[in-house]
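Novice: model_29.txt (compact mmCIF, C-alpha atoms) pasted underneath:
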```
# COMPACT_ATOMS: atom_id res chain seq x y z
CA MET A 1 3.23 -3.68 4.57
CA GLY A 2 3.60 -6.76 2.39
CA THR A 3 6.45 -7.76 0.13
CA LYS A 4 5.28 -5.68 -2.84
CA ALA A 5 4.96 -2.53 -0.76
CA ILE A 6 8.33 -3.14 0.86
CA PHE A 7 10.09 -3.42 -2.45
CA ALA A 8 8.19 -0.46 -3.86
CA MET A 9 10.16 1.49 -1.24
CA CYS A 10 13.34 -0.13 -2.55
CA ALA A 11 12.51 0.85 -6.11
CA LEU A 12 11.88 4.42 -4.98
CA ALA A 13 15.20 4.48 -3.17
CA LEU A 14 16.95 3.18 -6.26
CA ALA A 15 15.34 5.88 -8.38
CA LEU A 16 16.61 8.50 -5.92
CA MET A 17 20.11 7.02 -6.13
CA LEU A 18 19.99 7.25 -9.90
CA SER A 19 18.86 10.86 -9.79
CA GLY A 20 21.97 11.73 -7.80
CA ALA A 21 24.48 9.53 -9.60
CA ARG A 22 27.36 11.44 -11.15
CA THR A 23 27.88 10.55 -14.79
CA ALA A 24 30.20 11.71 -17.51
CA THR A 25 28.55 13.04 -20.66
CA ALA A 26 29.35 9.80 -22.47
CA THR A 27 27.30 7.77 -19.97
CA ASP A 28 24.20 9.93 -20.30
CA TRP A 29 22.62 7.63 -22.90
CA CYS A 30 22.64 4.76 -20.42
CA LYS A 31 21.11 6.85 -17.65
CA GLY A 32 18.66 8.41 -20.13
CA TYR A 33 17.26 5.02 -21.06
CA LEU A 34 16.87 4.21 -17.37
CA ASN A 35 14.96 7.43 -16.77
CA ILE A 36 12.44 6.57 -19.51
CA ARG A 37 12.20 2.94 -18.34
CA GLN A 38 13.76 1.47 -21.47
CA TYR A 39 15.70 -1.12 -19.50
CA ASP A 40 16.76 -3.36 -22.39
CA MET A 41 18.20 -0.33 -24.17
CA ALA A 42 19.86 0.80 -20.94
CA VAL A 43 21.59 -2.57 -20.60
CA GLN A 44 22.66 -2.48 -24.25
CA SER A 45 23.92 1.10 -24.04
CA CYS A 46 25.83 0.50 -20.82
CA THR A 47 27.31 -2.76 -22.14
CA GLU A 48 28.54 -1.07 -25.30
CA ALA A 49 30.16 1.70 -23.28
CA ILE A 50 31.73 -0.75 -20.82
CA SER A 51 33.09 -2.90 -23.66
CA SER A 52 34.49 0.09 -25.57
CA GLY A 53 37.53 0.37 -23.30
CA ARG A 54 37.15 4.15 -23.25
CA TYR A 55 36.15 4.43 -19.60
CA ALA A 56 38.01 3.86 -16.37
CA GLY A 57 37.78 4.72 -12.69
CA LYS A 58 34.66 6.55 -11.55
CA ASP A 59 33.10 6.75 -15.02
CA LEU A 60 33.39 3.00 -15.51
CA ALA A 61 32.04 2.42 -12.01
CA VAL A 62 29.00 4.58 -12.86
CA LEU A 63 28.36 2.51 -15.98
CA PHE A 64 28.39 -0.69 -13.95
CA PHE A 65 26.10 0.96 -11.39
CA GLU A 66 23.62 2.06 -14.04
CA ARG A 67 23.61 -1.32 -15.76
CA GLY A 68 23.12 -2.93 -12.35
CA ALA A 69 20.10 -0.67 -11.79
CA ALA A 70 18.65 -1.71 -15.16
CA TYR A 71 19.14 -5.36 -14.22
CA ILE A 72 17.19 -4.80 -11.00
CA TYR A 73 14.26 -3.37 -12.93
CA LYS A 74 14.46 -6.37 -15.29
CA GLY A 75 14.40 -8.78 -12.36
CA ARG A 76 17.95 -10.03 -13.00
CA TYR A 77 19.16 -9.64 -9.43
CA GLY A 78 22.24 -11.84 -9.68
CA SER A 79 23.49 -9.79 -12.64
CA ALA A 80 22.75 -6.62 -10.67
CA VAL A 81 24.78 -7.85 -7.69
CA SER A 82 27.69 -8.65 -10.03
CA ASP A 83 27.65 -5.18 -11.59
CA PHE A 84 27.35 -3.33 -8.30
CA SER A 85 30.26 -5.42 -6.98
CA LYS A 86 32.34 -4.37 -9.99
CA ALA A 87 31.45 -0.73 -9.34
CA ILE A 88 32.55 -1.11 -5.71
CA ALA A 89 35.81 -2.79 -6.75
CA LEU A 90 36.56 0.22 -8.95
CA GLU A 91 35.41 2.79 -6.37
CA PRO A 92 35.40 1.34 -2.83
CA SER A 93 33.77 4.49 -1.43
CA TYR A 94 30.89 4.46 -3.97
CA THR A 95 27.98 4.72 -1.53
CA ASP A 96 25.24 4.37 -4.15
CA ALA A 97 26.75 1.09 -5.36
CA TYR A 98 26.50 -0.37 -1.85
CA ASP A 99 22.89 0.86 -1.69
CA GLY A 100 22.13 -0.68 -5.08
CA ARG A 101 23.70 -4.02 -4.21
CA ALA A 102 21.78 -4.06 -0.93
CA VAL A 103 18.51 -3.57 -2.83
CA ALA A 104 19.43 -6.44 -5.17
CA TYR A 105 20.27 -8.68 -2.21
CA GLY A 106 16.94 -7.74 -0.67
CA TYR A 107 15.02 -8.78 -3.76
CA GLU A 108 16.82 -12.12 -3.52
CA GLY A 109 15.78 -12.47 0.12
CA ARG A 110 19.40 -12.22 1.32
CA TYR A 111 18.60 -9.79 4.10
CA ALA A 112 21.78 -10.21 6.14
CA LEU A 113 23.89 -9.24 3.12
CA ALA A 114 21.52 -6.36 2.33
CA ILE A 115 21.77 -5.03 5.88
CA ALA A 116 25.58 -5.36 5.79
CA ASP A 117 25.79 -3.30 2.59
CA PHE A 118 23.51 -0.59 3.93
CA THR A 119 25.61 -0.50 7.10
CA LYS A 120 28.70 0.05 4.93
CA ALA A 121 26.92 2.79 2.97
CA ILE A 122 25.94 4.53 6.22
CA ALA A 123 29.53 4.31 7.49
CA LEU A 124 30.65 6.05 4.29
CA ASN A 125 27.83 8.58 4.38
CA PRO A 126 25.95 8.99 7.68
CA LEU A 127 23.51 11.34 5.93
CA ASP A 128 22.29 8.60 3.54
CA VAL A 129 18.55 8.73 4.30
CA ASN A 130 17.77 6.02 1.74
CA ALA A 131 20.10 3.58 3.50
CA TYR A 132 18.38 4.11 6.86
CA ASP A 133 14.94 3.80 5.24
CA ILE A 134 15.57 0.57 3.38
CA ARG A 135 17.78 -1.02 6.04
CA GLY A 136 14.83 -0.41 8.35
CA VAL A 137 12.60 -2.26 5.88
CA PHE A 138 14.94 -5.25 5.89
CA TYR A 139 15.07 -5.20 9.68
CA ILE A 140 11.27 -5.48 9.62
CA ASP A 141 11.43 -8.41 7.24
CA SER A 142 14.01 -10.01 9.55
CA GLY A 143 11.78 -9.53 12.60
CA GLN A 144 14.15 -7.00 14.19
CA TYR A 145 11.55 -4.35 14.91
CA ALA A 146 13.47 -2.32 17.49
CA LEU A 147 16.38 -1.92 15.08
CA ALA A 148 13.92 -0.96 12.33
CA ILE A 149 12.40 1.75 14.53
CA SER A 150 15.88 3.06 15.31
CA ASP A 151 16.66 3.36 11.60
CA PHE A 152 13.38 5.11 10.80
CA ASN A 153 14.04 7.52 13.69
CA LYS A 154 17.42 8.34 12.15
CA ALA A 155 15.86 8.82 8.71
CA LEU A 156 13.27 11.19 10.18
CA ALA A 157 15.91 13.15 12.03
CA LEU A 158 17.52 13.78 8.63
CA ASN A 159 14.25 14.32 6.75
CA PRO A 160 11.15 15.03 8.88
CA GLN A 161 8.97 14.90 5.74
CA ASP A 162 9.92 11.29 4.91
CA ALA A 163 6.53 9.60 4.50
CA GLY A 164 8.14 6.21 3.91
CA ALA A 165 9.95 6.38 7.25
CA TYR A 166 6.71 7.16 9.07
CA LYS A 167 5.04 4.25 7.30
CA GLY A 168 7.92 1.91 8.08
CA ARG A 169 7.98 2.96 11.72
CA GLY A 170 4.22 2.54 11.87
CA LEU A 171 4.51 -0.98 10.49
CA SER A 172 7.23 -1.76 13.05
CA HIS A 173 4.94 -0.62 15.86
CA GLU A 174 2.09 -2.70 14.40
CA LYS A 175 4.32 -5.78 14.39
CA LYS A 176 5.09 -5.13 18.07
CA GLY A 177 1.40 -4.78 18.90
CA GLU A 178 1.77 -1.04 19.62
CA TYR A 179 -1.31 -0.06 17.64
CA ASP A 180 -1.81 3.50 18.91
CA LEU A 181 1.80 4.40 18.11
CA ALA A 182 1.41 2.74 14.71
CA ILE A 183 -1.77 4.66 13.90
CA SER A 184 -0.14 7.95 14.89
CA ASP A 185 2.76 7.32 12.51
CA LEU A 186 0.47 6.15 9.73
CA ASP A 187 -1.69 9.26 10.14
CA THR A 188 1.42 11.32 9.43
CA ALA A 189 2.49 9.09 6.54
CA ILE A 190 -0.93 9.51 4.94
CA ARG A 191 -0.90 13.26 5.46
CA LEU A 192 2.47 13.45 3.69
CA SER A 193 1.62 10.90 0.98
CA PRO A 194 -2.19 10.62 0.70
CA ALA A 195 -2.12 8.41 -2.41
CA ASP A 196 -0.20 5.51 -0.81
CA PRO A 197 -2.61 2.57 -0.50
CA SER A 198 -0.30 0.49 1.69
CA ALA A 199 -0.35 3.12 4.47
CA TYR A 200 -4.15 2.93 4.59
CA ARG A 201 -3.98 -0.86 4.54
CA ILE A 202 -1.62 -1.03 7.51
CA ARG A 203 -3.63 1.56 9.44
CA GLY A 204 -6.78 -0.43 8.69
CA LEU A 205 -5.13 -3.53 10.13
CA CYS A 206 -4.28 -1.62 13.30
CA HIS A 207 -7.86 -0.43 13.67
CA GLU A 208 -9.12 -3.96 13.05
CA LYS A 209 -6.85 -5.38 15.75
CA LYS A 210 -8.14 -2.70 18.14
CA GLY A 211 -11.71 -3.74 17.34
CA GLU A 212 -12.44 -0.45 15.55
CA LYS A 213 -14.34 -2.02 12.66
CA ALA A 214 -15.72 1.14 11.07
CA GLN A 215 -12.30 2.84 10.88
CA ALA A 216 -10.73 -0.37 9.59
CA LEU A 217 -13.34 -0.75 6.85
CA SER A 218 -12.90 2.88 5.82
CA ASP A 219 -9.13 2.44 5.49
CA TYR A 220 -9.44 -0.83 3.59
CA MET A 221 -11.93 0.74 1.16
CA LYS A 222 -9.60 3.71 0.59
CA ALA A 223 -6.67 1.37 -0.02
CA ALA A 224 -8.73 -0.59 -2.56
CA GLU A 225 -9.81 2.63 -4.28
CA LEU A 226 -6.23 3.87 -4.61
CA THR A 227 -4.99 0.48 -5.78
CA LYS A 228 -7.46 0.52 -8.68
CA LYS A 229 -6.29 3.91 -9.91
CA PRO A 230 -3.96 3.82 -12.96
```
Output the file's structure as structure tokens, nothing else.

Specialist:
Amino acid sequence: MGTKAIFAMCALALALMLSGARTATATDWCKGYLNIRQYDMAVQSCTEAISSGRYAGKDLAVLFFERGAAYIYKGRYGSAVSDFSKAIALEPSYTDAYDGRAVAYGYEGRYALAIADFTKAIALNPLDVNAYDIRGVFYIDSGQYALAISDFNKALALNPQDAGAYKGRGLSHEKKGEYDLAISDLDTAIRLSPADPSAYRIRGLCHEKKGEKAQALSDYMKAAELTKKP
């Protein structure tokens, strides 16, 4: 899948976390800036609200979570880890904060810590599809392909239309040399998300390793075409 494609899944997961985050009306400015990708303004807005002393408990935890998310998008992963940790200290059962910190750890290459946080998030909420999806990604990056497949299976049991889980499971099978299983999963991933170049790229690699040069070339060309699109 490649590092960029892996963390594209993380960014998507983070966006889904943000869409579900509960905020008080007073924190909406911070989240609003995040939604329009104004990350400097999101950090400023969240910092002003945090420093005001007007928020406590869950509302303050949400502000730290949202500022942590902005820091991830700005590439300030250490700051993101710090903010997610503060959110967790305020609300120890804040599942999204564990998910967010895990994503930040992943960007830093600290996969064991990322996996541990996703495991905690799943313990708090066994229906957390994002946690299974991205923990599976980190298992792939750690070379633990059987565990990755198990996580993608769990994600698909919760959401059978999860294209990312099919792609992740397909990549896991490719890493294990199970090319027919990989191609089957990638066929489904592409059917569900036909504009994802990385799915074509992985499927092309599987065809190439099977000696199916025409199919491989077709997939690589489609991946290149989609990558060039704005």

Novice: List the spatial neighbours of A:Arg110 as a list in words - criterion: any atom at most 12 Å away, all atoms listed in the file, same-chain residues fewer than 4 positions off excluded.

Specialist: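 Using all atoms listed in the file, the neighbours found are Tyr77, Gly78, Val81, Arg101, Ala102, Val103, Ala104, Tyr105, Gly106, Ala114, Ile115, Ala116, Asp117, Phe138, Tyr139, Asp141 and Ser142 of chain A.
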
Novice: Write the residues you've just listed into a file as a PDB file, in the frame of the given file, and include C-alpha atoms for each of them.

Specialist:
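Wrote selection_29.pdb, looks like this:
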```pdb
ATOM      1  CA  TYR A  77      19.160  -9.640  -9.430  1.00  0.00           C
ATOM      2  CA  GLY A  78      22.240 -11.840  -9.680  1.00  0.00           C
ATOM      3  CA  VAL A  81      24.780  -7.850  -7.690  1.00  0.00           C
ATOM      4  CA  ARG A 101      23.700  -4.020  -4.210  1.00  0.00           C
ATOM      5  CA  ALA A 102      21.780  -4.060  -0.930  1.00  0.00           C
ATOM      6  CA  VAL A 103      18.510  -3.570  -2.830  1.00  0.00           C
ATOM      7  CA  ALA A 104      19.430  -6.440  -5.170  1.00  0.00           C
ATOM      8  CA  TYR A 105      20.270  -8.680  -2.210  1.00  0.00           C
ATOM      9  CA  GLY A 106      16.940  -7.740  -0.670  1.00  0.00           C
ATOM     10  CA  ALA A 114      21.520  -6.360   2.330  1.00  0.00           C
ATOM     11  CA  ILE A 115      21.770  -5.030   5.880  1.00  0.00           C
ATOM     12  CA  ALA A 116      25.580  -5.360   5.790  1.00  0.00           C
ATOM     13  CA  ASP A 117      25.790  -3.300   2.590  1.00  0.00           C
ATOM     14  CA  PHE A 138      14.940  -5.250   5.890  1.00  0.00           C
ATOM     15  CA  TYR A 139      15.070  -5.200   9.680  1.00  0.00           C
ATOM     16  CA  ASP A 141      11.430  -8.410   7.240  1.00  0.00           C
ATOM     17  CA  SER A 142      14.010 -10.010   9.550  1.00  0.00           C
TER      18      SER A 142
END
```

Novice: Anything within 8 Å of (5.5, 9.6, 5.4): list those residues as JSON, numbers by chain, counting only C-alpha atoms and sticking to the file's coordinates.

Specialist: {"A": [161, 162, 163, 164, 165, 166, 167, 185, 186, 188, 189, 190, 191, 192, 193]}

Novice: Box along x, y and z, 4 Å on every side, all listed atoms of stretch 74-93 of chain A inside: centre and edge lengths in Å to one decimal, as JSON.

Specialist:
```
{"center_x": 25.5, "center_y": -3.7, "center_z": -8.4, "size_x": 30.2, "size_y": 24.3, "size_z": 21.9}
```

Novice: Let me make sure I understand: among A:Ala146, A:Cys30, A:Ala131, A:Ala112, which one has the smallest atom-to-atom distance to A:Asp99 if we use all atoms listed in the file?

Specialist: A:Ala131

Novice: With all atoms listed in the file counted, which protein, DNA or RNA residues have an atom no more than 12 Å from (30.3, 5.0, -3.2) in the file frame? Please answer as a ChimeraX atom specification.

Specialist: /A:17,20-22,58,61-62,65,84-101,117-118,120-125,128

Novice: Just want the 9 Å neighbourhood of stretch 43-48 of chain A, counted on all atoms listed in the file, with same-chain residues fewer than 4 positions away dropped. Output as a PyMOL selection string.

Specialist: chain A and resi 27+29-31+33-34+38-39+52+63-64+66-68+70-71

Novice: Could you check which of A:Asn159, A:Ser79, A:Ala148, A:Lys154 is closest to A:Ser172, using all atoms listed in the file?

Specialist: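 Of the candidates, the smallest distance to A:Ser172 is held by A:Ala148.
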
Novice: Take atom CA of A:Ile183 and atom CA of A:Ser218 and report the distance between them in Å, one decimal.

Specialist: 13.9 Å

Novice: If I take atom CA of A:Ile149 and atom CA of A:Ala199, how far is one from the other in Å, to one decimal?

Specialist: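 Distance reported for this atom pair: 16.3 Å.
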
Novice: Quick one: pull the distance between atom CA of A:Ala216 and atom CA of A:Ser184, Å, one decimal.

Specialist: 14.5 Å

Novice: I need the residue nearest A:Ile72 from this list: A:Glu225, A:Asp40, A:Glu174, A:Asp180. Use only C-alpha atoms for the distance.

Specialist: A:Asp40
